[in-house]
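K.L.:
One structure, pasted below without further comment.
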Amino acid sequence: MSGIATAIVGASGYSGQEVLDRALAHPELDLVALGSDSLAGRPAGALDPRLNGSLPSFAPNDEALAAGAELVFCCLEHERAAALEPPDGAVVVDLSGAHRLADAALYPQWYGFEHPAAARLGDWSYALPELFPPEGSLLANPGCYATAVLLALAPLAGAIDPDGVVVDAKSGVSGAGRTLRAASHATAVLENVSPYKVGVHQHAPELEQALGFPVCLVPHLLPVRRGLLATCYVRPAGDLRGALEAAYATAPAVTVLPEGIAPELSRVQGTDGAELGVFTDRSTGTGIVVCALDNLGKGAAGQAVQNANLALGLDETAGLRLSGVLV
């Protein structure tokens with residue numbers, strides 16, 4: 001083993017499996033531990049028969065966390081991740097919401113639990129590579145909706161009126177995670193589009209924290225497996241396209257599309273890139289910025305690997321899915 005010893009905690013969930021897939025394609029990472037309480041003791045092929053016998057068998061999550069890895073991806077649910085004891089000396093990327101909010105007092109209202117490590121929240125860096133590059137070794141990966149909205153709006157400071165920003169966002173069902181819920185059953189999802197957590201979605205305070213102003217976020221569930229589209233309505237006070245093109249001129253994972261071309265889920269599904277489109281409503285002058293990304297890619301696992309690459313001084317795009325023409 002010559003690469004960076006890597007552990008994935010919560011590897012059997014959707015985001016964990018997606019991190020695993022990218023780690024397998026990464027030239028610098030060596031997997032030394034796969035954590036899953038539900039699959040502990042079973043071979044990697046128990047998750048997917050395409051996984052070969054060279055991978056370690058699943059271990060309990062606590063055991064995987066203590067495996068001595070130099071890089072740990074935490075793919076646990078929010079409250080479990082909040083109690084995480086980061087291994088000394090390791091780079092830890094947390095894909096949950098457990099360390100995204102700087103103010104511990106917000107967790108009971110937005111996540112439904114008192115934060116068990118409130119005093120240590122300041123040790124975590126909120127890391128969205130194109131806007132907030134990772135700092136230190138403890139990295140909080142942004143939420144999928146937050147990633148799309150921040151990519152669309154964060155570079156527009158001074159170019160929009162911060163009052164009255166509205167975001168209409170839609171995501172595939174994989175954004176709800178692998179745990180079975182009535183709302184994610186096929187009979188509830190197929191041939192249906194439904195809003196959920198209207199006015200109370202946990203990514204709203206994350207957005208306010210990063211932008212410096214609140215937005216009205218309304219998420220919807222789409223009858224597709226993966227992909228996310230966020231349409232942001234703003235009052236322009238400057239050149240929206242110019243600001244976005246300048247912000248992402250050298251960004252390998254974010255593309256500002258040419259004028260008149262709209263982002264589409266089909267182009268970003270299964271990838272780690274994001275597309276941005278900029279429009280003006282002819283009747284009202286409203287500025288419209290649309291961002292499309294894969295909720296499991298740039299919205300989760302792809303971004304986690306991108307953050308890890310930057311934190312470890314590796315090629316930013318190593319292990320990422322950024323090229324190709326999908327049909």
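Going by the structure tokens order, chains are called A, B, ..., each with residues numbered from 1, while ligands are numbered from 1 in the order shown.
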Neighbouring residues of region 235-244 of chain A were defined as those with any atom within 10 Å, considering only C-alpha atoms; residues of the same chain fewer than 4 positions away were excluded. Please report them as an MDAnalysis selection string.
P.N.:
chainID A and resid 151:165 248:249 255:259 276:280 284:289
K.L.:
Write out the residues from the selection above, keeping N, CA and C atoms, as an mmCIF file, in the first residue's frame.
P.N.:
data_model
loop_
_atom_site.group_PDB
_atom_site.id
_atom_site.type_symbol
_atom_site.label_atom_id
_atom_site.label_comp_id
_atom_site.auth_asym_id
_atom_site.auth_seq_id
_atom_site.Cartn_x
_atom_site.Cartn_y
_atom_site.Cartn_z
ATOM 1 N N LEU A 151 -23.589 28.126 -5.314
ATOM 2 C CA LEU A 151 -22.890 28.302 -6.582
ATOM 3 C C LEU A 151 -23.590 29.349 -7.446
ATOM 4 N N ALA A 152 -24.924 29.391 -7.372
ATOM 5 C CA ALA A 152 -25.693 30.349 -8.170
ATOM 6 C C ALA A 152 -25.630 31.768 -7.618
ATOM 7 N N LEU A 153 -25.629 31.906 -6.293
ATOM 8 C CA LEU A 153 -25.839 33.225 -5.696
ATOM 9 C C LEU A 153 -24.614 33.844 -5.015
ATOM 10 N N ALA A 154 -23.737 33.039 -4.455
ATOM 11 C CA ALA A 154 -22.640 33.610 -3.661
ATOM 12 C C ALA A 154 -21.754 34.580 -4.437
ATOM 13 N N PRO A 155 -21.464 34.335 -5.719
ATOM 14 C CA PRO A 155 -20.628 35.310 -6.431
ATOM 15 C C PRO A 155 -21.352 36.608 -6.778
ATOM 16 N N LEU A 156 -22.652 36.698 -6.470
ATOM 17 C CA LEU A 156 -23.442 37.853 -6.901
ATOM 18 C C LEU A 156 -23.575 38.933 -5.831
ATOM 19 N N ALA A 157 -22.786 38.875 -4.793
ATOM 20 C CA ALA A 157 -22.815 39.925 -3.766
ATOM 21 C C ALA A 157 -22.568 41.281 -4.428
ATOM 22 N N GLY A 158 -23.461 42.211 -4.180
ATOM 23 C CA GLY A 158 -23.356 43.526 -4.800
ATOM 24 C C GLY A 158 -24.011 43.616 -6.162
ATOM 25 N N ALA A 159 -24.376 42.452 -6.732
ATOM 26 C CA ALA A 159 -25.019 42.454 -8.048
ATOM 27 C C ALA A 159 -26.493 42.122 -7.967
ATOM 28 N N ILE A 160 -27.006 41.852 -6.729
ATOM 29 C CA ILE A 160 -28.429 41.577 -6.541
ATOM 30 C C ILE A 160 -28.912 42.277 -5.289
ATOM 31 N N ASP A 161 -30.210 42.504 -5.229
ATOM 32 C CA ASP A 161 -30.853 42.976 -4.004
ATOM 33 C C ASP A 161 -31.041 41.756 -3.103
ATOM 34 N N PRO A 162 -30.462 41.739 -1.899
ATOM 35 C CA PRO A 162 -30.553 40.549 -1.053
ATOM 36 C C PRO A 162 -31.941 40.297 -0.476
ATOM 37 N N ASP A 163 -32.834 41.251 -0.583
ATOM 38 C CA ASP A 163 -34.183 41.068 -0.047
ATOM 39 C C ASP A 163 -35.068 40.339 -1.067
ATOM 40 N N GLY A 164 -35.829 39.371 -0.559
ATOM 41 C CA GLY A 164 -36.835 38.727 -1.393
ATOM 42 C C GLY A 164 -36.319 37.707 -2.381
ATOM 43 N N VAL A 165 -35.144 37.102 -2.125
ATOM 44 C CA VAL A 165 -34.625 36.071 -3.025
ATOM 45 C C VAL A 165 -35.437 34.786 -2.824
ATOM 46 N N TYR A 248 -16.053 31.633 -11.899
ATOM 47 C CA TYR A 248 -15.806 30.235 -12.238
ATOM 48 C C TYR A 248 -14.940 30.063 -13.488
ATOM 49 N N ALA A 249 -14.194 31.098 -13.839
ATOM 50 C CA ALA A 249 -13.388 31.054 -15.061
ATOM 51 C C ALA A 249 -12.391 29.905 -15.064
ATOM 52 N N THR A 255 -19.533 24.977 -14.642
ATOM 53 C CA THR A 255 -19.599 25.554 -15.977
ATOM 54 C C THR A 255 -20.721 26.583 -16.050
ATOM 55 N N VAL A 256 -20.403 27.798 -16.458
ATOM 56 C CA VAL A 256 -21.425 28.793 -16.771
ATOM 57 C C VAL A 256 -21.751 28.637 -18.248
ATOM 58 N N LEU A 257 -22.974 28.206 -18.534
ATOM 59 C CA LEU A 257 -23.356 27.895 -19.908
ATOM 60 C C LEU A 257 -23.499 29.169 -20.758
ATOM 61 N N PRO A 258 -23.307 29.055 -22.055
ATOM 62 C CA PRO A 258 -23.487 30.216 -22.935
ATOM 63 C C PRO A 258 -24.911 30.757 -22.857
ATOM 64 N N GLU A 259 -25.040 32.009 -23.228
ATOM 65 C CA GLU A 259 -26.343 32.666 -23.176
ATOM 66 C C GLU A 259 -27.374 31.886 -23.981
ATOM 67 N N LEU A 276 -24.468 26.146 -14.680
ATOM 68 C CA LEU A 276 -25.187 27.368 -14.329
ATOM 69 C C LEU A 276 -25.712 28.038 -15.588
ATOM 70 N N GLY A 277 -26.960 28.498 -15.516
ATOM 71 C CA GLY A 277 -27.548 29.274 -16.596
ATOM 72 C C GLY A 277 -28.042 30.607 -16.053
ATOM 73 N N VAL A 278 -27.920 31.664 -16.844
ATOM 74 C CA VAL A 278 -28.294 33.012 -16.407
ATOM 75 C C VAL A 278 -29.298 33.584 -17.401
ATOM 76 N N PHE A 279 -30.415 34.090 -16.874
ATOM 77 C CA PHE A 279 -31.487 34.594 -17.722
ATOM 78 C C PHE A 279 -32.088 35.856 -17.106
ATOM 79 N N THR A 280 -32.834 36.610 -17.918
ATOM 80 C CA THR A 280 -33.602 37.763 -17.445
ATOM 81 C C THR A 280 -35.027 37.621 -17.952
ATOM 82 N N THR A 284 -40.665 41.275 -16.344
ATOM 83 C CA THR A 284 -40.489 41.882 -15.023
ATOM 84 C C THR A 284 -39.066 42.332 -14.728
ATOM 85 N N GLY A 285 -38.107 41.912 -15.548
ATOM 86 C CA GLY A 285 -36.714 42.242 -15.273
ATOM 87 C C GLY A 285 -36.089 41.374 -14.202
ATOM 88 N N THR A 286 -36.823 40.393 -13.733
ATOM 89 C CA THR A 286 -36.300 39.495 -12.710
ATOM 90 C C THR A 286 -35.097 38.721 -13.253
ATOM 91 N N GLY A 287 -34.037 38.641 -12.448
ATOM 92 C CA GLY A 287 -32.893 37.819 -12.808
ATOM 93 C C GLY A 287 -33.153 36.375 -12.391
ATOM 94 N N ILE A 288 -32.790 35.442 -13.245
ATOM 95 C CA ILE A 288 -33.021 34.029 -12.987
ATOM 96 C C ILE A 288 -31.702 33.286 -13.170
ATOM 97 N N VAL A 289 -31.229 32.675 -12.098
ATOM 98 C CA VAL A 289 -29.997 31.889 -12.157
ATOM 99 C C VAL A 289 -30.362 30.450 -11.831
#
K.L.:
Quick one: residues within 10 Å of Glu191 (chain A), only C-alpha atoms, excluding same-chain residues fewer than 5 positions away - as a VMD selection string?
P.N.:
chain A and resid 186 222 to 224
K.L.:
Taking only C-alpha atoms into account, name the residue in A:Ser12, A:Ser137, A:Ser174, A:Gln209 that is nearest to Gly299 (chain A).
P.N.:
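Of all the options, A:Ser174 lies closest to Gly299 (chain A).
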K.L.:
Using the chain letters and numbers from this document, which residues of region 62-196 of chain A does DSSP assign to strand (DSSP E or B), as a list in words?
P.N.:
Leu71, Val72, Phe73, Cys74, Val91, Val92, Val93, Asp94, Ser125, Tyr126, Leu128, Phe132, Leu138, Leu139, Ala140, Ile160, Asp161, Pro162, Asp163, Gly164, Val165, Val166, Val167, Asp168, Ala169, Lys170, Ser171, Ser194 and Pro195 of chain A
K.L.:
Next, the residues of the selection above should be written as a short mmCIF file (atom, residue, chain, number, x, y, z; two decimals), in the first residue's frame with C-alpha atoms.
P.N.:
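File produced: result28.cif:
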data_model
loop_
_atom_site.label_atom_id
_atom_site.label_comp_id
_atom_site.auth_asym_id
_atom_site.auth_seq_id
_atom_site.Cartn_x
_atom_site.Cartn_y
_atom_site.Cartn_z
CA LEU A 71 -8.41 10.30 5.48
CA VAL A 72 -11.91 9.59 6.79
CA PHE A 73 -15.16 10.19 4.96
CA CYS A 74 -18.08 10.33 7.40
CA VAL A 91 -8.37 14.65 7.49
CA VAL A 92 -12.09 14.10 8.14
CA VAL A 93 -14.77 15.06 5.61
CA ASP A 94 -18.28 14.97 7.10
CA SER A 125 -14.30 24.32 8.13
CA TYR A 126 -17.38 24.75 5.91
CA LEU A 128 -17.28 24.43 -0.87
CA PHE A 132 -14.93 28.51 0.51
CA LEU A 138 -11.94 18.88 9.75
CA LEU A 139 -14.21 19.65 6.81
CA ALA A 140 -17.98 20.06 6.74
CA ILE A 160 -28.43 41.58 -6.54
CA ASP A 161 -30.85 42.98 -4.00
CA PRO A 162 -30.55 40.55 -1.05
CA ASP A 163 -34.18 41.07 -0.05
CA GLY A 164 -36.83 38.73 -1.39
CA VAL A 165 -34.62 36.07 -3.02
CA VAL A 166 -36.71 33.00 -3.88
CA VAL A 167 -35.34 29.55 -4.70
CA ASP A 168 -37.47 26.84 -6.30
CA ALA A 169 -35.47 23.62 -6.02
CA LYS A 170 -36.12 20.03 -7.09
CA SER A 171 -34.20 16.85 -6.29
CA SER A 194 -44.41 17.20 -4.40
CA PRO A 195 -42.98 20.01 -2.27
#
K.L.:
Restricting the calculation to only C-alpha atoms: of A:His220, A:Arg22, A:His201, A:Arg321, which residue gets closest to Asp294 (chain A)?
P.N.:
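That would be A:Arg321, the residue with the smallest distance to Asp294 (chain A).
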K.L.:
Need the shell around Ala11 (chain A): protein/DNA/RNA residues with any atom at most 9 Å away, counting only C-alpha atoms. Skip same-chain ones fewer than 4 positions apart. Format as a ChimeraX atom specification?
P.N.:
/A:7,15-20,34-36,58,61,73-76
K.L.:
If you keep N, CA, C and O atoms, can you produce a file of those selected residues as a PDB file, in the first residue's frame?
P.N.:
ATOM      1  N   ALA A   7     -10.580   5.621   5.055  1.00  0.00           N
ATOM      2  CA  ALA A   7     -11.713   4.898   5.635  1.00  0.00           C
ATOM      3  C   ALA A   7     -13.000   5.614   5.271  1.00  0.00           C
ATOM      4  O   ALA A   7     -13.041   6.846   5.211  1.00  0.00           O
ATOM      5  N   SER A  15     -24.624   8.031  -0.113  1.00  0.00           N
ATOM      6  CA  SER A  15     -23.448   8.892  -0.221  1.00  0.00           C
ATOM      7  C   SER A  15     -22.180   8.097   0.053  1.00  0.00           C
ATOM      8  O   SER A  15     -21.147   8.314  -0.590  1.00  0.00           O
ATOM      9  N   GLY A  16     -22.236   7.137   0.992  1.00  0.00           N
ATOM     10  CA  GLY A  16     -21.076   6.314   1.274  1.00  0.00           C
ATOM     11  C   GLY A  16     -20.680   5.460   0.085  1.00  0.00           C
ATOM     12  O   GLY A  16     -19.493   5.323  -0.242  1.00  0.00           O
ATOM     13  N   GLN A  17     -21.668   4.877  -0.579  1.00  0.00           N
ATOM     14  CA  GLN A  17     -21.379   4.053  -1.755  1.00  0.00           C
ATOM     15  C   GLN A  17     -20.805   4.902  -2.881  1.00  0.00           C
ATOM     16  O   GLN A  17     -19.900   4.468  -3.604  1.00  0.00           O
ATOM     17  N   GLU A  18     -21.311   6.129  -3.028  1.00  0.00           N
ATOM     18  CA  GLU A  18     -20.785   7.014  -4.065  1.00  0.00           C
ATOM     19  C   GLU A  18     -19.351   7.451  -3.751  1.00  0.00           C
ATOM     20  O   GLU A  18     -18.516   7.588  -4.649  1.00  0.00           O
ATOM     21  N   VAL A  19     -19.043   7.696  -2.463  1.00  0.00           N
ATOM     22  CA  VAL A  19     -17.659   7.995  -2.087  1.00  0.00           C
ATOM     23  C   VAL A  19     -16.767   6.799  -2.388  1.00  0.00           C
ATOM     24  O   VAL A  19     -15.657   6.934  -2.930  1.00  0.00           O
ATOM     25  N   LEU A  20     -17.244   5.610  -2.051  1.00  0.00           N
ATOM     26  CA  LEU A  20     -16.491   4.390  -2.323  1.00  0.00           C
ATOM     27  C   LEU A  20     -16.181   4.270  -3.810  1.00  0.00           C
ATOM     28  O   LEU A  20     -15.049   3.941  -4.198  1.00  0.00           O
ATOM     29  N   LEU A  34     -13.965  -0.087   5.629  1.00  0.00           N
ATOM     30  CA  LEU A  34     -15.321   0.239   5.198  1.00  0.00           C
ATOM     31  C   LEU A  34     -16.243   0.028   6.387  1.00  0.00           C
ATOM     32  O   LEU A  34     -16.369  -1.095   6.886  1.00  0.00           O
ATOM     33  N   GLY A  35     -16.874   1.102   6.846  1.00  0.00           N
ATOM     34  CA  GLY A  35     -17.728   1.017   8.027  1.00  0.00           C
ATOM     35  C   GLY A  35     -19.186   0.882   7.675  1.00  0.00           C
ATOM     36  O   GLY A  35     -19.706   1.614   6.829  1.00  0.00           O
ATOM     37  N   SER A  36     -19.848  -0.060   8.316  1.00  0.00           N
ATOM     38  CA  SER A  36     -21.300  -0.211   8.193  1.00  0.00           C
ATOM     39  C   SER A  36     -21.769  -1.090   9.336  1.00  0.00           C
ATOM     40  O   SER A  36     -21.376  -2.265   9.417  1.00  0.00           O
ATOM     41  N   PHE A  58     -16.655  -5.294   5.543  1.00  0.00           N
ATOM     42  CA  PHE A  58     -17.271  -4.253   6.354  1.00  0.00           C
ATOM     43  C   PHE A  58     -16.988  -4.485   7.834  1.00  0.00           C
ATOM     44  O   PHE A  58     -16.990  -5.627   8.312  1.00  0.00           O
ATOM     45  N   ASN A  61     -18.977   0.741  12.339  1.00  0.00           N
ATOM     46  CA  ASN A  61     -18.530   2.100  12.056  1.00  0.00           C
ATOM     47  C   ASN A  61     -17.479   2.597  13.040  1.00  0.00           C
ATOM     48  O   ASN A  61     -16.500   3.241  12.636  1.00  0.00           O
ATOM     49  N   PHE A  73     -13.909   9.623   5.456  1.00  0.00           N
ATOM     50  CA  PHE A  73     -15.162  10.186   4.960  1.00  0.00           C
ATOM     51  C   PHE A  73     -16.270   9.712   5.900  1.00  0.00           C
ATOM     52  O   PHE A  73     -16.474   8.505   6.054  1.00  0.00           O
ATOM     53  N   CYS A  74     -16.989  10.657   6.492  1.00  0.00           N
ATOM     54  CA  CYS A  74     -18.078  10.333   7.405  1.00  0.00           C
ATOM     55  C   CYS A  74     -19.402  10.486   6.665  1.00  0.00           C
ATOM     56  O   CYS A  74     -19.784  11.601   6.303  1.00  0.00           O
ATOM     57  N   CYS A  75     -20.085   9.366   6.461  1.00  0.00           N
ATOM     58  CA  CYS A  75     -21.344   9.349   5.715  1.00  0.00           C
ATOM     59  C   CYS A  75     -22.480   8.870   6.607  1.00  0.00           C
ATOM     60  O   CYS A  75     -23.373   8.132   6.156  1.00  0.00           O
ATOM     61  N   LEU A  76     -22.463   9.282   7.863  1.00  0.00           N
ATOM     62  CA  LEU A  76     -23.476   8.884   8.835  1.00  0.00           C
ATOM     63  C   LEU A  76     -24.623   9.887   8.846  1.00  0.00           C
ATOM     64  O   LEU A  76     -24.518  10.990   8.294  1.00  0.00           O
TER      65      LEU A  76
END
K.L.:
Using only C-alpha atoms, which residues sit within 9 Å of Ala146 (chain A) once same-chain residues fewer than 6 positions away are excluded, as a short mmCIF file (atom, residue, chain, number, x, y, z; two decimals) with C-alpha atoms, in the first residue's frame?
P.N.:
data_model
loop_
_atom_site.label_atom_id
_atom_site.label_comp_id
_atom_site.auth_asym_id
_atom_site.auth_seq_id
_atom_site.Cartn_x
_atom_site.Cartn_y
_atom_site.Cartn_z
CA HIS A 203 -30.41 23.90 4.37
CA ALA A 204 -32.05 27.32 4.84
CA GLU A 206 -26.85 27.02 6.06
CA LEU A 207 -27.61 29.31 3.13
CA GLY A 299 -23.96 17.72 -4.00
#
K.L.:
Check the smallest atom-to-atom distance from each of A:Cys144, A:Ala262, A:Ala82, A:Leu101 to Asn295 (chain A) using only C-alpha atoms, then report the winner.
P.N.:
A:Cys144
K.L.:
In Å, how far is it from CA of Leu47 (chain A) to CA of Arg226 (chain A)?
P.N.:
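These atoms are spaced 19.1 Å apart.
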K.L.:
Have a look at A:Pro27, A:Gly97, A:Gly227, A:Pro108 and name the one nearest to Leu296 (chain A); count only C-alpha atoms.
P.N.:
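Among A:Pro27, A:Gly97, A:Gly227, A:Pro108, it is A:Gly227 that comes nearest to Leu296 (chain A).
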K.L.:
Pick the closest to Cys232 (chain A) from A:Ala83, A:Gly273, A:Val290, A:Ala64: which is it, counting only C-alpha atoms?
P.N.:
A:Val290
K.L.:
Identify which of the residues A:Arg42, A:Lys197, A:Arg80, A:His26 lies closest to Trp110 (chain A), counting only C-alpha atoms when measuring atom-to-atom distances.
P.N.:
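Going through A:Arg42, A:Lys197, A:Arg80, A:His26 one by one, the smallest distance to Trp110 (chain A) is for A:Lys197.
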K.L.:
Quick check, in Å to one decimal: how far apart do CA of Cys216 (chain A) and CA of Val173 (chain A) lie?
P.N.:
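Between these atoms lies a distance of 21.6 Å.
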